[in-house]
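File shown here: query_4.cif, holding mmCIF, C-alpha atoms.
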```cif
data_my_file
loop_
_atom_site.label_atom_id
_atom_site.label_comp_id
_atom_site.auth_asym_id
_atom_site.auth_seq_id
_atom_site.Cartn_x
_atom_site.Cartn_y
_atom_site.Cartn_z
CA MET A 1 0.00 0.00 0.00
CA ALA A 2 2.86 2.36 0.83
CA LEU A 3 4.44 1.74 -2.58
CA ALA A 4 1.07 2.41 -4.24
CA PHE A 5 0.77 5.79 -2.53
CA LEU A 6 4.37 6.76 -3.35
CA ALA A 7 4.01 5.80 -7.01
CA ALA A 8 0.71 7.66 -7.27
CA ALA A 9 2.21 10.75 -5.63
CA TYR A 10 5.11 10.75 -8.11
CA VAL A 11 2.85 10.43 -11.16
CA LEU A 12 0.41 13.03 -9.83
CA THR A 13 3.22 15.52 -9.13
CA SER A 14 4.67 15.07 -12.62
CA GLU A 15 1.30 15.54 -14.32
CA LEU A 16 0.40 18.61 -12.24
CA ARG A 17 3.77 20.16 -13.14
CA ARG A 18 3.08 19.52 -16.84
CA ARG A 19 -0.31 21.21 -16.65
CA GLU A 20 1.19 24.13 -14.73
CA LYS A 21 3.79 24.66 -17.48
CA LEU A 22 0.99 24.66 -20.07
CA GLY A 23 -0.77 27.40 -18.11
CA TRP A 24 -3.75 25.23 -17.25
CA LEU A 25 -3.16 25.46 -13.49
CA ALA A 26 -2.12 28.57 -11.58
CA PRO A 27 -0.59 29.15 -8.13
CA VAL A 28 -2.48 30.59 -5.21
CA GLU A 29 -0.94 33.37 -3.13
CA GLU A 30 -0.91 32.66 0.59
CA THR A 31 0.42 34.48 3.64
CA MET A 32 3.06 32.55 5.58
CA VAL A 33 4.52 33.53 8.94
CA THR A 34 8.16 32.68 9.62
CA GLY A 35 10.35 33.00 12.71
CA THR A 36 7.74 32.00 15.30
CA PRO A 37 8.78 29.89 18.31
CA ALA A 38 7.27 26.47 18.92
CA SER A 39 3.76 26.61 20.31
CA VAL A 40 2.39 24.33 22.99
CA GLY A 41 0.33 22.62 20.28
CA ASP A 42 3.42 21.98 18.13
CA MET A 43 5.29 20.37 21.02
CA LEU A 44 2.21 18.41 22.12
CA ILE A 45 1.71 16.90 18.65
CA SER A 46 5.40 15.97 18.43
CA GLY A 47 5.24 14.49 21.91
CA VAL A 48 2.22 12.34 21.08
CA ILE A 49 3.87 11.02 17.91
CA GLY A 50 7.09 10.34 19.84
CA PHE A 51 5.20 8.51 22.60
CA ILE A 52 3.45 6.20 20.13
CA LEU A 53 6.70 5.42 18.31
CA GLY A 54 8.68 4.90 21.52
CA PHE A 55 5.91 2.93 23.19
CA LYS A 56 5.73 0.41 20.35
CA LEU A 57 9.26 0.31 18.92
CA ILE A 58 11.18 0.35 22.19
CA GLY A 59 8.67 -2.19 23.52
CA LEU A 60 10.00 -4.64 20.93
CA ILE A 61 13.49 -4.64 22.45
CA GLY A 62 14.18 -7.83 24.38
CA ALA A 63 10.69 -9.23 23.78
CA GLU A 64 9.46 -12.03 21.53
CA TYR A 65 6.20 -11.75 19.62
CA ASP A 66 4.81 -14.38 17.28
CA ASP A 67 2.43 -11.94 15.61
CA LEU A 68 3.81 -8.40 15.15
CA ARG A 69 0.53 -7.21 13.63
CA ALA A 70 -1.35 -8.26 16.75
CA TYR A 71 1.33 -6.57 18.89
CA PHE A 72 1.10 -3.22 17.08
CA LEU A 73 -2.70 -3.26 17.33
CA SER A 74 -2.65 -4.20 21.01
CA GLY A 75 -2.09 -2.12 24.15
CA GLN A 76 1.32 -3.68 24.75
CA GLY A 77 4.48 -1.59 24.73
CA SER A 78 7.02 0.28 26.85
CA ILE A 79 5.67 3.17 28.92
CA ILE A 80 9.18 4.36 29.76
CA GLY A 81 10.21 4.14 26.11
CA GLY A 82 7.15 6.12 25.10
CA LEU A 83 7.80 8.88 27.64
CA LEU A 84 11.48 9.17 26.68
CA ALA A 85 10.66 9.38 22.96
CA ALA A 86 7.86 11.90 23.65
CA ALA A 87 10.21 14.13 25.62
CA ALA A 88 12.92 13.86 22.95
CA MET A 89 10.62 14.77 20.05
CA ALA A 90 8.91 17.59 21.96
CA TYR A 91 12.33 19.06 22.84
CA TRP A 92 13.56 18.68 19.27
CA LYS A 93 10.54 20.60 18.00
CA TYR A 94 11.17 23.32 20.61
CA TYR A 95 14.89 23.50 19.77
CA THR A 96 14.52 23.65 15.97
CA LYS A 97 11.80 26.30 16.13
CA LYS A 98 13.78 28.36 18.65
CA LYS A 99 16.89 28.19 16.45
CA ALA A 100 14.94 29.62 13.52
CA ALA A 101 12.94 32.10 15.60
CA LEU A 102 13.20 35.84 14.89
CA PRO A 103 12.87 38.76 17.32
CA LYS A 104 9.79 39.72 15.37
CA PRO A 105 8.05 37.06 13.20
CA LYS A 106 7.72 38.01 9.54
CA GLU A 107 4.78 37.69 7.23
CA ALA A 108 5.44 36.98 3.58
CA LYS A 109 3.31 36.38 0.51
CA VAL A 110 4.25 33.17 -1.28
CA LYS A 111 2.87 31.43 -4.33
CA VAL A 112 1.82 27.83 -3.73
CA TRP A 113 1.49 25.70 -6.87
CA PRO A 114 -0.91 22.74 -7.06
CA HIS A 115 1.97 20.22 -7.32
CA GLN A 116 3.30 21.49 -3.97
CA ARG A 117 0.11 20.27 -2.31
CA VAL A 118 0.63 16.64 -3.34
CA PRO A 119 1.90 15.68 0.18
CA ASP A 120 -1.40 17.03 1.55
CA PHE A 121 -3.34 15.08 -1.09
CA THR A 122 -1.39 11.91 -0.26
CA ILE A 123 -2.02 12.11 3.48
CA MET A 124 -5.71 12.88 2.99
CA ALA A 125 -6.05 10.06 0.47
CA ALA A 126 -4.34 7.62 2.84
CA VAL A 127 -6.50 8.48 5.86
CA ALA A 128 -9.83 9.01 4.07
CA GLY A 129 -9.18 6.09 1.71
CA LEU A 130 -8.45 3.68 4.55
CA ILE A 131 -11.57 4.76 6.45
CA GLY A 132 -13.75 4.50 3.35
CA ALA A 133 -12.29 1.14 2.35
CA LYS A 134 -12.96 -0.30 5.80
CA VAL A 135 -16.47 1.15 6.07
CA PHE A 136 -17.56 -0.16 2.66
CA HIS A 137 -16.01 -3.58 3.31
CA ASN A 138 -17.82 -3.95 6.63
CA LEU A 139 -21.10 -2.81 5.08
CA GLU A 140 -20.64 -5.43 2.37
CA ASN A 141 -19.82 -8.11 4.97
CA TRP A 142 -22.17 -6.97 7.72
CA GLY A 143 -22.53 -10.42 9.27
CA GLU A 144 -18.77 -10.75 9.78
CA PHE A 145 -18.60 -7.24 11.23
CA VAL A 146 -21.40 -7.84 13.74
CA ALA A 147 -19.80 -11.13 14.81
CA ASP A 148 -16.39 -9.51 15.44
CA PRO A 149 -16.43 -5.68 15.17
CA TRP A 150 -12.98 -5.13 16.67
CA GLY A 151 -11.35 -7.83 14.57
CA SER A 152 -13.04 -6.58 11.40
CA ILE A 153 -11.90 -2.99 11.94
CA PHE A 154 -8.27 -3.82 12.75
CA SER A 155 -7.82 -6.79 10.45
CA ALA A 156 -4.87 -6.59 8.05
CA SER A 157 -7.27 -7.65 5.29
CA GLY A 158 -10.72 -6.43 4.37
CA LEU A 159 -10.40 -3.27 2.29
CA THR A 160 -12.83 -2.28 -0.46
CA PHE A 161 -11.11 -0.15 -3.11
CA TYR A 162 -14.26 1.66 -4.21
CA GLY A 163 -15.04 2.72 -0.66
CA GLY A 164 -11.61 4.27 -0.38
CA LEU A 165 -11.90 5.91 -3.80
CA ILE A 166 -15.28 7.51 -3.07
CA VAL A 167 -14.41 8.88 0.37
CA ALA A 168 -10.90 10.04 -0.61
CA ALA A 169 -12.20 11.72 -3.78
CA TYR A 170 -14.79 13.67 -1.80
CA VAL A 171 -12.24 14.86 0.77
CA ILE A 172 -9.60 15.83 -1.81
CA ILE A 173 -11.97 17.64 -4.18
CA ARG A 174 -13.38 19.61 -1.26
CA TYR A 175 -9.86 20.56 -0.19
CA ALA A 176 -8.93 21.52 -3.77
CA HIS A 177 -12.00 23.78 -3.97
CA LYS A 178 -10.87 25.63 -0.84
CA LYS A 179 -7.41 26.09 -2.34
CA HIS A 180 -8.83 27.33 -5.67
CA ILE A 181 -7.47 24.40 -7.69
CA ASN A 182 -9.42 23.54 -10.85
CA TRP A 183 -11.01 20.23 -9.94
CA LYS A 184 -11.23 18.98 -13.53
CA HIS A 185 -7.51 19.35 -14.10
CA LEU A 186 -6.82 17.83 -10.69
CA VAL A 187 -8.87 14.68 -11.32
CA ASP A 188 -7.44 14.38 -14.85
CA SER A 189 -3.95 14.52 -13.35
CA ALA A 190 -4.92 11.92 -10.77
CA ALA A 191 -6.44 9.44 -13.25
CA PRO A 192 -3.18 7.72 -14.36
CA ALA A 193 -1.89 7.86 -10.77
CA LEU A 194 -5.01 6.14 -9.44
CA MET A 195 -4.80 3.40 -12.06
CA LEU A 196 -1.15 2.75 -11.26
CA ALA A 197 -1.84 2.78 -7.51
CA TYR A 198 -4.61 0.23 -7.98
CA ALA A 199 -2.33 -2.09 -9.97
CA ILE A 200 0.42 -1.86 -7.34
CA GLY A 201 -2.10 -2.28 -4.52
CA ARG A 202 -3.35 -5.49 -6.10
CA MET A 203 0.22 -6.81 -5.90
CA GLY A 204 -0.18 -6.73 -2.13
CA CYS A 205 -3.40 -8.73 -2.44
CA GLN A 206 -1.71 -11.29 -4.69
CA PHE A 207 1.47 -11.73 -2.68
CA SER A 208 -0.17 -11.76 0.77
CA GLY A 209 -3.30 -13.73 -0.08
CA ASP A 210 -5.68 -11.45 1.83
CA GLY A 211 -8.83 -13.30 0.75
CA ASP A 212 -9.47 -11.15 -2.30
CA TRP A 213 -9.39 -13.94 -4.86
CA GLY A 214 -11.61 -15.60 -7.42
CA ILE A 215 -13.95 -18.57 -7.43
CA ASN A 216 -12.70 -22.15 -7.62
CA ASN A 217 -11.19 -23.41 -10.85
CA SER A 218 -12.40 -26.99 -10.55
CA ALA A 219 -9.72 -28.19 -12.98
CA TYR A 220 -7.00 -27.79 -10.33
CA ALA A 221 -6.63 -29.13 -6.79
CA THR A 222 -3.94 -28.41 -4.21
CA ASN A 223 -1.47 -31.12 -3.27
CA ALA A 224 0.10 -31.67 0.15
CA THR A 225 2.89 -29.15 -0.54
CA GLY A 226 0.46 -26.35 -1.40
CA LYS A 227 0.91 -26.41 -5.20
CA VAL A 228 -1.90 -26.89 -7.73
CA GLN A 229 -2.20 -29.80 -10.13
CA ILE A 230 -4.72 -30.75 -12.81
CA ILE A 231 -7.57 -33.02 -11.74
CA SER A 232 -10.64 -34.55 -13.31
CA GLU A 233 -14.24 -33.60 -12.52
CA ALA A 234 -14.59 -36.77 -10.43
CA GLN A 235 -11.48 -35.87 -8.43
CA TYR A 236 -12.88 -32.39 -7.86
CA GLN A 237 -15.97 -33.96 -6.28
CA ASP A 238 -13.71 -36.14 -4.14
CA VAL A 239 -11.92 -33.06 -2.81
CA LEU A 240 -15.25 -31.36 -2.04
CA HIS A 241 -16.33 -34.37 0.04
CA ARG A 242 -12.92 -34.79 1.65
CA ASP A 243 -12.87 -31.16 2.84
CA SER A 244 -16.63 -30.80 3.22
CA ALA A 245 -16.28 -29.15 6.64
CA TYR A 246 -14.19 -26.36 5.11
CA PHE A 247 -16.51 -25.76 2.15
CA THR A 248 -19.64 -25.92 4.29
CA ARG A 249 -18.19 -23.37 6.69
CA HIS A 250 -17.44 -20.96 3.85
CA PHE A 251 -20.29 -21.55 1.41
CA GLY A 252 -23.02 -23.33 3.37
CA GLY A 253 -22.58 -26.69 1.62
CA ILE A 254 -20.50 -28.44 -1.02
CA ASP A 255 -23.27 -28.01 -3.57
CA GLN A 256 -23.09 -24.22 -3.17
CA VAL A 257 -19.39 -23.75 -3.88
CA PRO A 258 -18.94 -21.32 -6.82
CA HIS A 259 -16.62 -22.74 -9.47
CA ALA A 260 -15.82 -22.74 -13.18
CA ARG A 261 -13.63 -25.38 -14.83
CA TYR A 262 -10.90 -24.13 -17.16
CA GLU A 263 -7.78 -26.10 -18.05
CA LYS A 264 -4.75 -24.34 -19.43
CA PRO A 265 -4.90 -24.64 -23.24
CA ALA A 266 -1.92 -25.97 -25.19
CA SER A 267 -1.48 -22.60 -26.88
CA LEU A 268 -0.78 -21.03 -23.48
CA ASN A 269 1.49 -23.77 -22.22
CA PHE A 270 4.25 -21.21 -21.64
CA LEU A 271 2.22 -19.79 -18.74
CA PRO A 272 2.48 -21.43 -15.29
CA ASP A 273 -0.48 -23.34 -13.84
CA TRP A 274 -0.88 -20.75 -11.07
CA PHE A 275 -1.85 -18.18 -13.70
CA PHE A 276 -5.13 -20.10 -14.09
CA ALA A 277 -5.50 -21.50 -10.58
CA TYR A 278 -3.63 -20.56 -7.42
CA SER A 279 -3.85 -22.04 -3.95
CA TYR A 280 -2.49 -18.95 -2.13
CA PRO A 281 -0.12 -20.91 0.12
CA HIS A 282 0.81 -19.23 3.42
CA ASN A 283 -1.96 -16.65 2.98
CA VAL A 284 -2.28 -14.02 5.71
CA VAL A 285 -5.90 -14.85 6.48
CA ASN A 286 -4.99 -18.48 7.32
CA ASP A 287 -7.66 -19.78 4.97
CA GLY A 288 -7.63 -23.34 3.62
CA ILE A 289 -6.07 -26.57 4.78
CA GLN A 290 -2.77 -27.35 6.48
CA ILE A 291 0.34 -27.53 4.27
CA GLN A 292 2.28 -30.70 4.92
CA GLY A 293 5.43 -30.16 6.96
CA CYS A 294 4.70 -26.48 7.67
CA GLN A 295 4.69 -25.18 11.22
CA GLY A 296 3.72 -21.72 12.40
CA GLU A 297 0.89 -19.28 11.84
CA TYR A 298 0.70 -19.02 8.04
CA CYS A 299 0.65 -22.68 7.00
CA ASN A 300 -2.57 -22.97 5.02
CA ALA A 301 -3.39 -23.28 1.32
CA LEU A 302 -6.76 -23.39 -0.43
CA PRO A 303 -7.85 -26.99 -1.16
CA ILE A 304 -8.96 -26.08 -4.70
CA GLY A 305 -7.08 -23.63 -6.89
CA VAL A 306 -8.91 -20.34 -7.40
CA TYR A 307 -8.69 -17.80 -10.19
CA PRO A 308 -5.98 -15.29 -9.11
CA THR A 309 -8.09 -12.23 -9.83
CA PRO A 310 -5.59 -9.80 -8.22
CA LEU A 311 -3.02 -10.97 -10.78
CA TYR A 312 -5.44 -10.32 -13.64
CA GLU A 313 -6.18 -6.84 -12.30
CA ILE A 314 -2.46 -6.06 -11.97
CA ILE A 315 -2.00 -6.82 -15.66
CA VAL A 316 -5.14 -5.08 -16.94
CA CYS A 317 -4.77 -1.96 -14.79
CA GLY A 318 -1.08 -1.77 -15.64
CA ILE A 319 -2.05 -1.67 -19.33
CA PHE A 320 -4.76 0.91 -18.62
CA PHE A 321 -2.17 3.08 -16.84
CA PHE A 322 -0.10 3.31 -20.02
CA VAL A 323 -3.26 3.94 -22.05
CA LEU A 324 -4.15 6.91 -19.85
CA MET A 325 -0.58 8.21 -19.93
CA GLY A 326 -0.74 8.14 -23.73
CA LEU A 327 -4.15 9.81 -23.91
CA ARG A 328 -3.38 12.64 -21.50
CA ARG A 329 -1.43 14.58 -24.15
CA LYS A 330 -4.02 14.03 -26.87
CA VAL A 331 -7.23 14.64 -24.90
CA THR A 332 -7.11 18.23 -23.69
CA THR A 333 -10.69 18.90 -22.61
CA PRO A 334 -10.56 19.10 -18.78
CA GLY A 335 -12.46 16.28 -17.10
CA VAL A 336 -12.46 13.85 -20.05
CA ILE A 337 -9.40 11.86 -18.98
CA PHE A 338 -10.95 11.19 -15.58
CA GLY A 339 -14.19 10.19 -17.29
CA ILE A 340 -12.23 7.66 -19.37
CA TYR A 341 -10.56 6.42 -16.18
CA LEU A 342 -13.94 5.85 -14.53
CA ILE A 343 -15.19 3.89 -17.54
CA LEU A 344 -12.05 1.73 -17.81
CA ASN A 345 -12.00 1.07 -14.08
CA GLY A 346 -15.71 0.26 -13.98
CA VAL A 347 -15.57 -2.11 -16.98
CA GLU A 348 -12.51 -3.93 -15.62
CA ARG A 349 -14.01 -4.40 -12.17
CA PHE A 350 -17.45 -5.39 -13.47
CA PHE A 351 -16.08 -8.28 -15.52
CA VAL A 352 -13.56 -9.49 -12.95
CA GLU A 353 -16.43 -9.72 -10.45
CA LYS A 354 -17.83 -12.56 -12.57
CA ILE A 355 -15.06 -14.83 -11.27
CA ARG A 356 -14.58 -13.34 -7.80
CA VAL A 357 -15.97 -14.50 -4.47
CA ASN A 358 -18.14 -11.71 -3.06
CA THR A 359 -21.32 -11.02 -1.16
CA LYS A 360 -24.29 -10.72 -3.52
CA TYR A 361 -27.49 -8.72 -3.11
CA ASP A 362 -30.99 -9.59 -4.23
CA ILE A 363 -32.40 -6.63 -6.18
CA PHE A 364 -35.58 -7.31 -8.18
CA GLY A 365 -34.42 -10.79 -9.07
CA PHE A 366 -30.87 -9.70 -9.94
CA HIS A 367 -27.93 -10.73 -7.77
CA PRO A 368 -25.14 -8.18 -8.22
CA THR A 369 -22.21 -7.67 -5.86
CA GLN A 370 -21.48 -4.32 -4.25
CA ALA A 371 -18.53 -3.87 -6.61
CA GLU A 372 -20.68 -4.61 -9.67
CA ILE A 373 -23.20 -1.98 -8.61
CA ILE A 374 -20.52 0.65 -8.03
CA ALA A 375 -18.66 -0.38 -11.22
CA SER A 376 -21.83 0.15 -13.24
CA LEU A 377 -22.33 3.55 -11.64
CA LEU A 378 -18.72 4.45 -12.45
CA VAL A 379 -19.22 3.64 -16.13
CA ILE A 380 -22.40 5.74 -16.21
CA GLY A 381 -20.72 8.51 -14.22
CA GLY A 382 -17.68 8.46 -16.50
CA ALA A 383 -19.82 8.79 -19.61
CA ALA A 384 -21.81 11.61 -17.99
CA LEU A 385 -18.60 13.42 -16.98
CA ILE A 386 -17.22 13.22 -20.52
CA TRP A 387 -20.49 14.64 -21.90
CA TYR A 388 -20.55 17.42 -19.29
CA ALA A 389 -16.87 18.29 -19.78
CA ARG A 390 -17.17 18.55 -23.55
CA LYS A 391 -20.32 20.64 -23.25
CA THR A 392 -19.06 23.12 -20.67
CA GLN A 393 -15.33 23.43 -21.42
CA PRO A 394 -13.59 24.01 -24.75
CA VAL A 395 -10.49 22.10 -25.81
CA GLN A 396 -7.39 23.73 -24.31
CA LYS A 397 -4.26 24.45 -26.29
CA THR A 398 -1.07 22.52 -25.56
CA VAL A 399 1.40 25.15 -26.75
#
```

Structure translated into structure tokens:
Amino acid sequence: MALAFLAAAYVLTSELRRREKLGWLAPVEETMVTGTPASVGDMLISGVIGFILGFKLIGLIGAEYDDLRAYFLSGQGSIIGGLLAAAAMAYWKYYTKKKAALPKPKEAKVKVWPHQRVPDFTIMAAVAGLIGAKVFHNLENWGEFVADPWGSIFSASGLTFYGGLIVAAYVIIRYAHKKHINWKHLVDSAAPALMLAYAIGRMGCQFSGDGDWGINNSAYATNATGKVQIISEAQYQDVLHRDSAYFTRHFGGIDQVPHARYEKPASLNFLPDWFFAYSYPHNVVNDGIQIQGCQGEYCNALPIGVYPTPLYEIIVCGIFFFVLMGLRRKVTTPGVIFGIYLILNGVERFFVEKIRVNTKYDIFGFHPTQAEIIASLLVIGGAALIWYARKTQPVQKTV
């Protein structure tokens, strides 16, 4: 996730700079005060950050923890370490501000360009996106949330991209409006960055095995070492009965397990089997059955290979990133690039949902997932944005 934010920030900064050079975005003049000493609030904030870091990091010294994630989300730590780090950071803030303090603070007018606000955008996107992703995921999986609210909120898995996108977009656009930044150019600049961030974020899903995978590919079963191998339809039924307790717990019965059989064709023999079916060995959610000879916390693999949908999204969204990067110089009507992004993102997610495991709703006889509903709205919204942008804003020159 951190890499996704860094990559997105880099692409966004570069694109904002390009639009500034073209004269499409202008700076905003702001009054800045320099030479002031550290306030009580400054030192308090530094002290709180120092306490949290010292409490957790120093608490690791000389201790053994089997699950670091559980440790960092718990109330365990070093009180003395926290107090020492709090005092050190509060003093450092006081010292650095005092060193730069002036007998009389100065006010100066400075021009702040949109690209200089990317750190603000990144922090807001991280916080608002995480909150939105968690809220939407728990709404989609309400039963799991009610059963274990604390575990659902602080789980390392369980993030819905669209929830994060919607909440973060609202917060950032509102902030941009206050700072007099043209929102159409901002979202156009963000479109390639968002697509790249999504592709990189899906790498985390693929490598960690956070439960965000596809339905069973009944042509592949998992052997004792956690690797997939081709099986017949009869052998697939044998596996369902052998691990009936697992499938019943997840799907309510072996006759309700979603699956689609697809064997690797000879023409694609150069691709590995896990491209078509993956068991997600050592996944972080500890889902599946025990891997032979493995000891420790992450020793499970799915009994039947599933379609590695995060891998497919990495590839497709990576391609879409380059498509948007190519179009951004040719499409100059503000707002259109973001409209294209919404359509591409919505189409990609709508079709990948066809082979993903997700909660489905019953709406007038239709059974869409939350992502399918939002994906459809994104396609409609993207088309509407393109129409609105072309109607209300002329093509801008690129000289």

Output check: residues returned by the PyMOL selection byres ((chain A and resi 261) around 6), as a ChimeraX atom specification: /A:217-219,260,262

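What separates CA of Ile200 (chain A) from CA of Ile315 (chain A) is a distance of 10.0 Å.
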
query: What does the PyMOL selection byres ((chain A and resi 209) around 6) select in this file, as a list in words?
result: Cys205, Gln206, Phe207, Ser208, Asp210, Gly211, Tyr280, Asn283 and Val284 of chain A

field: Residue among A:Ala199, A:Val257, A:Ala2, A:Leu377 lying closest to Phe322 (chain A), counting only C-alpha atoms
entry: A:Ala199

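For the pair CA of Ala7 (chain A) and CA of Leu194 (chain A), the interatomic distance is 9.3 Å.
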
field: Ile166 (chain A) surroundings by all atoms listed in the file, 12 Å radius, close-in-sequence under 3 positions cut, as a list in words
entry: Ala125, Ala128, Gly129, Leu130, Ile131, Gly132, Ala133, Val135, Phe136, Thr160, Phe161, Tyr162, Gly163, Ala169, Tyr170, Val171, Ile172, Ile173, Leu342, Ile374, Ala375, Leu377 and Leu378 of chain A

For the residues in that selection, give me C-alpha atoms as a PDB file, in the frame of the given file.
```
ATOM      1  CA  ALA A 125      -6.050  10.060   0.470  1.00  0.00           C
ATOM      2  CA  ALA A 128      -9.830   9.010   4.070  1.00  0.00           C
ATOM      3  CA  GLY A 129      -9.180   6.090   1.710  1.00  0.00           C
ATOM      4  CA  LEU A 130      -8.450   3.680   4.550  1.00  0.00           C
ATOM      5  CA  ILE A 131     -11.570   4.760   6.450  1.00  0.00           C
ATOM      6  CA  GLY A 132     -13.750   4.500   3.350  1.00  0.00           C
ATOM      7  CA  ALA A 133     -12.290   1.140   2.350  1.00  0.00           C
ATOM      8  CA  VAL A 135     -16.470   1.150   6.070  1.00  0.00           C
ATOM      9  CA  PHE A 136     -17.560  -0.160   2.660  1.00  0.00           C
ATOM     10  CA  THR A 160     -12.830  -2.280  -0.460  1.00  0.00           C
ATOM     11  CA  PHE A 161     -11.110  -0.150  -3.110  1.00  0.00           C
ATOM     12  CA  TYR A 162     -14.260   1.660  -4.210  1.00  0.00           C
ATOM     13  CA  GLY A 163     -15.040   2.720  -0.660  1.00  0.00           C
ATOM     14  CA  ALA A 169     -12.200  11.720  -3.780  1.00  0.00           C
ATOM     15  CA  TYR A 170     -14.790  13.670  -1.800  1.00  0.00           C
ATOM     16  CA  VAL A 171     -12.240  14.860   0.770  1.00  0.00           C
ATOM     17  CA  ILE A 172      -9.600  15.830  -1.810  1.00  0.00           C
ATOM     18  CA  ILE A 173     -11.970  17.640  -4.180  1.00  0.00           C
ATOM     19  CA  LEU A 342     -13.940   5.850 -14.530  1.00  0.00           C
ATOM     20  CA  ILE A 374     -20.520   0.650  -8.030  1.00  0.00           C
ATOM     21  CA  ALA A 375     -18.660  -0.380 -11.220  1.00  0.00           C
ATOM     22  CA  LEU A 377     -22.330   3.550 -11.640  1.00  0.00           C
ATOM     23  CA  LEU A 378     -18.720   4.450 -12.450  1.00  0.00           C
TER      24      LEU A 378
END
```

field: Atom pair CA of Phe51 (chain A) / CA of Ala86 (chain A): separation (Å)
entry: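 Interatomic distance here is 4.4 Å.
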
- prompt: Which polymer residues have any atom within 6 Å of an atom of Met89 (chain A), counting only C-alpha atoms, with same-chain residues fewer than 3 positions away left out, as a VMD selection string?
  reply: chain A and resid 46 to 47 50 86 92

message: Residue by residue, what does the PyMOL selection byres ((chain A and resi 180) around 12) grab here? Present the result as a list in words.
response: Leu25, Ala26, Pro27, Val28, Glu29, Glu30, Val112, Trp113, Pro114, Arg117, Ile173, Arg174, Tyr175, Ala176, His177, Lys178, Lys179, Ile181, Asn182, Trp183, Lys184, His185 and Leu186 of chain A

field: Of the listed residues A:His250, A:Gly288, A:Arg329, A:Ala8, that which approaches Leu22 (chain A) most closely, counting all atoms listed in the file
entry: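 Under the stated criterion, the closest residue is A:Arg329.
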
field: Counting only C-alpha atoms, the residue of A:Val331, A:Ala197, A:Val336, A:Leu271 that sits nearest Met1 (chain A)
entry: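 Residue with the minimum atom-to-atom distance to Met1 (chain A): A:Ala197.
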
field: Non-local contacts of region 379-384 of chain A (6 Å; only C-alpha atoms; under 2 positions in same chain excluded) as a VMD selection string
entry: chain A and resid 339 342 to 343 346 376 to 377 386 to 387

Box dimensions and centre (Å, one decimal) enclosing region 12-27 of chain A, axis-aligned, 5 Å extra per side, as lines of an AutoDock Vina configuration file:
```
center_x = 0.5
center_y = 21.1
center_z = -14.1
size_x = 18.4
size_y = 26.1
size_z = 21.9
```

field: Spatial neighbours of Glu107 (chain A), 9 Å, only C-alpha atoms, chain gap at least 3 places, as a VMD selection string
entry: chain A and resid 31 to 34

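With distances restricted to all atoms listed in the file, A:Val228 is the closest residue to Gly305 (chain A) from A:Val187, A:Ala9, A:Val228, A:Met43.
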
- request: Select, from A:Asp287, A:Glu348, A:Asp42, A:Asp243, the residue with the minimum atom-to-atom distance to Tyr198 (chain A), counting only C-alpha atoms.
  value: A:Glu348
